[in-house]
Each structure stands twice: as C-alpha cells, then as structure tokens.
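Written out below as structure tokens is the structure these notes cover.
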Amino acid sequence: FSLPENTFLIFMEWTTRLFWTSDMAMSSLTGVVLTDGSVQFELRFIFKRYLKTWLALDTFIVVSDWMELIASGANGAGAFGKLSRSFRIVRVVRLLRLVRMREVMEQITERVQSEKLSFVISIFKLTAAIVSIAHIIACLWWGIGNSDNLESWVVQSKFENATLDIKYLVCLHWALSQFTGGMDEITPQSALERFYAVVIWIVAFNVAAIIVSTLTSSLTQLHIIGGARSRQLSMLRKYLKQNAISSNLALRMQRSAQHALSADLTADLIELLPVVSESLRAEMHFEMYS
C-alpha cells in the first residue's frame, strides 16, 4: 500500500527508530537473569551474551533505519537517491523485530502471578499473532493483485479506485478468512494469485491448528489447577451427605473448607521450594519478614 506522508507516520517512524537505537544501549548495560535465578551485573558478561544473541539482528535493523533516513535526505538525487529506493525495499527487515517482541512478551508473562490473568494474556498474544500474520498476508495479497494484469482480483472486483481504508480492510478480511477456510466474495483470478492463495491456505490451516491446540492446552492446565480443589470439596460434600449432616451445618463446613483452601500457603506445602537455590530463598525470607 502507498501510504501518504503524515504527522502520525513520521512520529511513529522516529519513535520506533529512537526506541530500538536506545534499546541496543540498554541491552548492553542491563543485568541478566540467569537460569538459576541469580542476576549477573558484570558488563563484560552482559555484552558477551548480547553479542551472542541479539546484537547482529539489532545492528542490521537499526543501521538500515538510519541509512534509509540519510539516503532519503538526498531527495532522490544521484547515488543517494538510488540508495534511498533500495532501503525502502529493505524496510521489510523491520518485521524481524517481531522475534524480539516474543522475548519481551515472555518476560512480561513470567512476572504475572495469577493463572487466570496468564490465560487472558495468552489469548491476547495469540490474537496479536493472528492479526500480525494476517496483516502481512493482506499486504502481499494486495501487492500481487495490484499489478498491470487486467485479470487480477483487484480489477475484477473493481477495487482499483477504492479508498485506502477500503482496500486495506478488504485485504485484511480476506487474509483473516483464510484461517477459517477462505471467502467467496474475493477469489483469485490469475495463476499467481491462485498459487498464493493455496500456499496461504496451507500456512493458515497449520497456524490455526497450533492456536487451537495452544488454547486447549491452556484451558486444560487451568482446569487441572482448579480440579484438585473441586475434588476435595466434592469429597467433603459426599462425606457429609453419607453421614446425614444437616444442610445448615454442611453449608457452614463447606464455607469453612473453602476459606481454608483459599488461605495463605505454608512453605512445607510448596514442593518446588526446596530445589530453589539457598541464596534466593534467603532473599525471599528477607522480603517476607523485613
């Protein structure tokens, strides 16, 4: 899509450019949480780890951003103008930032203590992933159809003169529909469009299967966590019924049991606590009793 230059787009371009540039500096100075839970603050270790992980990708993305800005300042003149046009094509490398965003989302999820909130966040992440994938599919679908071929879906569906928002929403609608089997309103016309539609349908089918299985797994995990409590209450109700306990007393006993189950846990009930390192347990006790 050919987007006209406006204040919002310029602001977002500068915001993302400055953010990812500063993120490189912060990634070289921020302490690293190791697998055993300890925090490493040594600058040499931090930079060495950053060098082995994200430095190459961050450098490639940030340098391409700034080189595009420098080249565009030539106003299309000479070699700088050709270089500017080349870097407009290289803008697609910005999509690689989605790889970094996955790590950021995992770090945010690790800080959430509520299982229900974690499930809501997982739904939000899956929704964001679907919309992001659909956005890429929609842009490519418009690029294939917006050619000089008179048999393209854009011409046949009479969208060549539509407004920008209609063009994008139609393509996004088509892309999202591929996750559920496709749509009849817009169909491929040329061989290239048909091939692209087949490939995208296969990809969307697999992505949809993965998303459904992930949601099912999360719901099952949430059910298992609450299942132990439900089984205990069910056993209590059965025991009270077998012994002909009055309904008033049974209700009070059940509420007392529910209150006990929702009360604060003691350290001896946490099976994983003994395997945590001694230093981290000492920090935990300090925060608990300070």
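By order in the structure tokens, chains are A, B, ...; within a chain, residues start at 1; ligands start at 1, following the order shown.
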
Counting only C-alpha atoms, which residues in segment 96-177 of chain A sit no more than 10 Å from segment 206-229 of chain A? For each one, give the nearest pair of atoms and the distance in Å, sorted by chain then residue number, as CSV.
residue,atom,partner,partner_atom,distance
A:Glu115,CA,A:Leu222,CA,7.0
A:Lys116,CA,A:Leu222,CA,7.4
A:Ser118,CA,A:Ser218,CA,9.2
A:Phe119,CA,A:Ser218,CA,6.6
A:Val120,CA,A:Ser218,CA,9.9
A:Ser122,CA,A:Leu215,CA,8.1
A:Ile123,CA,A:Leu215,CA,7.5
A:Leu126,CA,A:Ile211,CA,6.9
A:Thr127,CA,A:Ile211,CA,9.3
A:Ala129,CA,A:Ile211,CA,9.6
A:Ile130,CA,A:Val207,CA,8.5
A:Ile133,CA,A:Val207,CA,9.5

Could you give me, as an MDAnalysis selection string, the residues within 10 Å of segment 243-260 of chain A, counting only C-alpha atoms and dropping anything in the same chain fewer than 5 positions from it?
chainID A and resid 229:230 232:234 236:238 265

I need the chosen residues saved as a short mmCIF file (atom, residue, chain, number, x, y, z; two decimals), in the first residue's frame, with N, CA, C and O atoms.
data_model
loop_
_atom_site.label_atom_id
_atom_site.label_comp_id
_atom_site.auth_asym_id
_atom_site.auth_seq_id
_atom_site.Cartn_x
_atom_site.Cartn_y
_atom_site.Cartn_z
N ARG A 229 -8.89 -28.65 43.92
CA ARG A 229 -9.76 -28.01 44.91
C ARG A 229 -11.20 -28.49 44.76
O ARG A 229 -11.87 -28.77 45.77
N SER A 230 -11.67 -28.62 43.54
CA SER A 230 -13.05 -29.08 43.32
C SER A 230 -13.23 -30.51 43.80
O SER A 230 -14.28 -30.86 44.37
N GLN A 232 -11.59 -32.01 46.23
CA GLN A 232 -11.60 -32.01 47.69
C GLN A 232 -12.96 -31.57 48.23
O GLN A 232 -13.50 -32.18 49.17
N LEU A 233 -13.55 -30.53 47.65
CA LEU A 233 -14.87 -30.08 48.08
C LEU A 233 -15.95 -31.11 47.77
O LEU A 233 -16.90 -31.30 48.55
N SER A 234 -15.81 -31.79 46.63
CA SER A 234 -16.77 -32.82 46.28
C SER A 234 -16.72 -33.99 47.26
O SER A 234 -17.77 -34.52 47.67
N LEU A 236 -15.78 -33.78 50.36
CA LEU A 236 -16.35 -33.30 51.62
C LEU A 236 -17.87 -33.34 51.58
O LEU A 236 -18.53 -33.78 52.54
N ARG A 237 -18.46 -32.88 50.48
CA ARG A 237 -19.92 -32.89 50.35
C ARG A 237 -20.47 -34.33 50.40
O ARG A 237 -21.50 -34.60 51.01
N LYS A 238 -19.76 -35.26 49.73
CA LYS A 238 -20.19 -36.65 49.74
C LYS A 238 -20.13 -37.25 51.15
O LYS A 238 -21.03 -37.99 51.57
N LEU A 265 -0.68 -20.16 51.79
CA LEU A 265 0.03 -21.43 51.80
C LEU A 265 1.24 -21.36 52.72
O LEU A 265 1.86 -20.31 52.88
#

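Near Trp153 of chain A, within 8 Å and counting only C-alpha atoms, sit A:Gly145, A:Gln156, A:Ser157, A:Ile186, A:Thr187, A:Pro188, A:Gln189, A:Ser190; same-chain residues fewer than 3 positions away were not included.
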
Just write the chosen residues, C-alpha atoms, as a PDB file, in the first residue's frame.
ATOM      1  CA  GLY A 145      -3.363  -8.150  -7.184  1.00  0.00           C
ATOM      2  CA  GLN A 156     -12.214  -7.949 -11.477  1.00  0.00           C
ATOM      3  CA  SER A 157     -13.599  -6.938  -8.064  1.00  0.00           C
ATOM      4  CA  ILE A 186     -12.993 -12.232  -3.436  1.00  0.00           C
ATOM      5  CA  THR A 187     -11.406 -15.066  -5.405  1.00  0.00           C
ATOM      6  CA  PRO A 188      -8.059 -15.436  -7.204  1.00  0.00           C
ATOM      7  CA  GLN A 189      -8.135 -14.719 -10.934  1.00  0.00           C
ATOM      8  CA  SER A 190      -4.628 -15.354 -12.259  1.00  0.00           C
TER       9      SER A 190
END

Contacts of segment 48-55 of chain A within 8 Å, only C-alpha atoms, excl. fewer than 3 positions in-chain, as JSON, numbers by chain
{"A": [24, 27, 28, 44, 45, 58, 59]}

Residue list (helix (DSSP H, G or I), DSSP) for segment 80-236 of chain A, as a ChimeraX atom specification
/A:80-110,115-145,153-156,164-180,191-236

Mind giving me the straight-line distance from atom CA of Met284 of chain A to atom CA of Ser114 of chain A in Å, one decimal?
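Rounded to one decimal, the two atoms are 18.7 Å apart.
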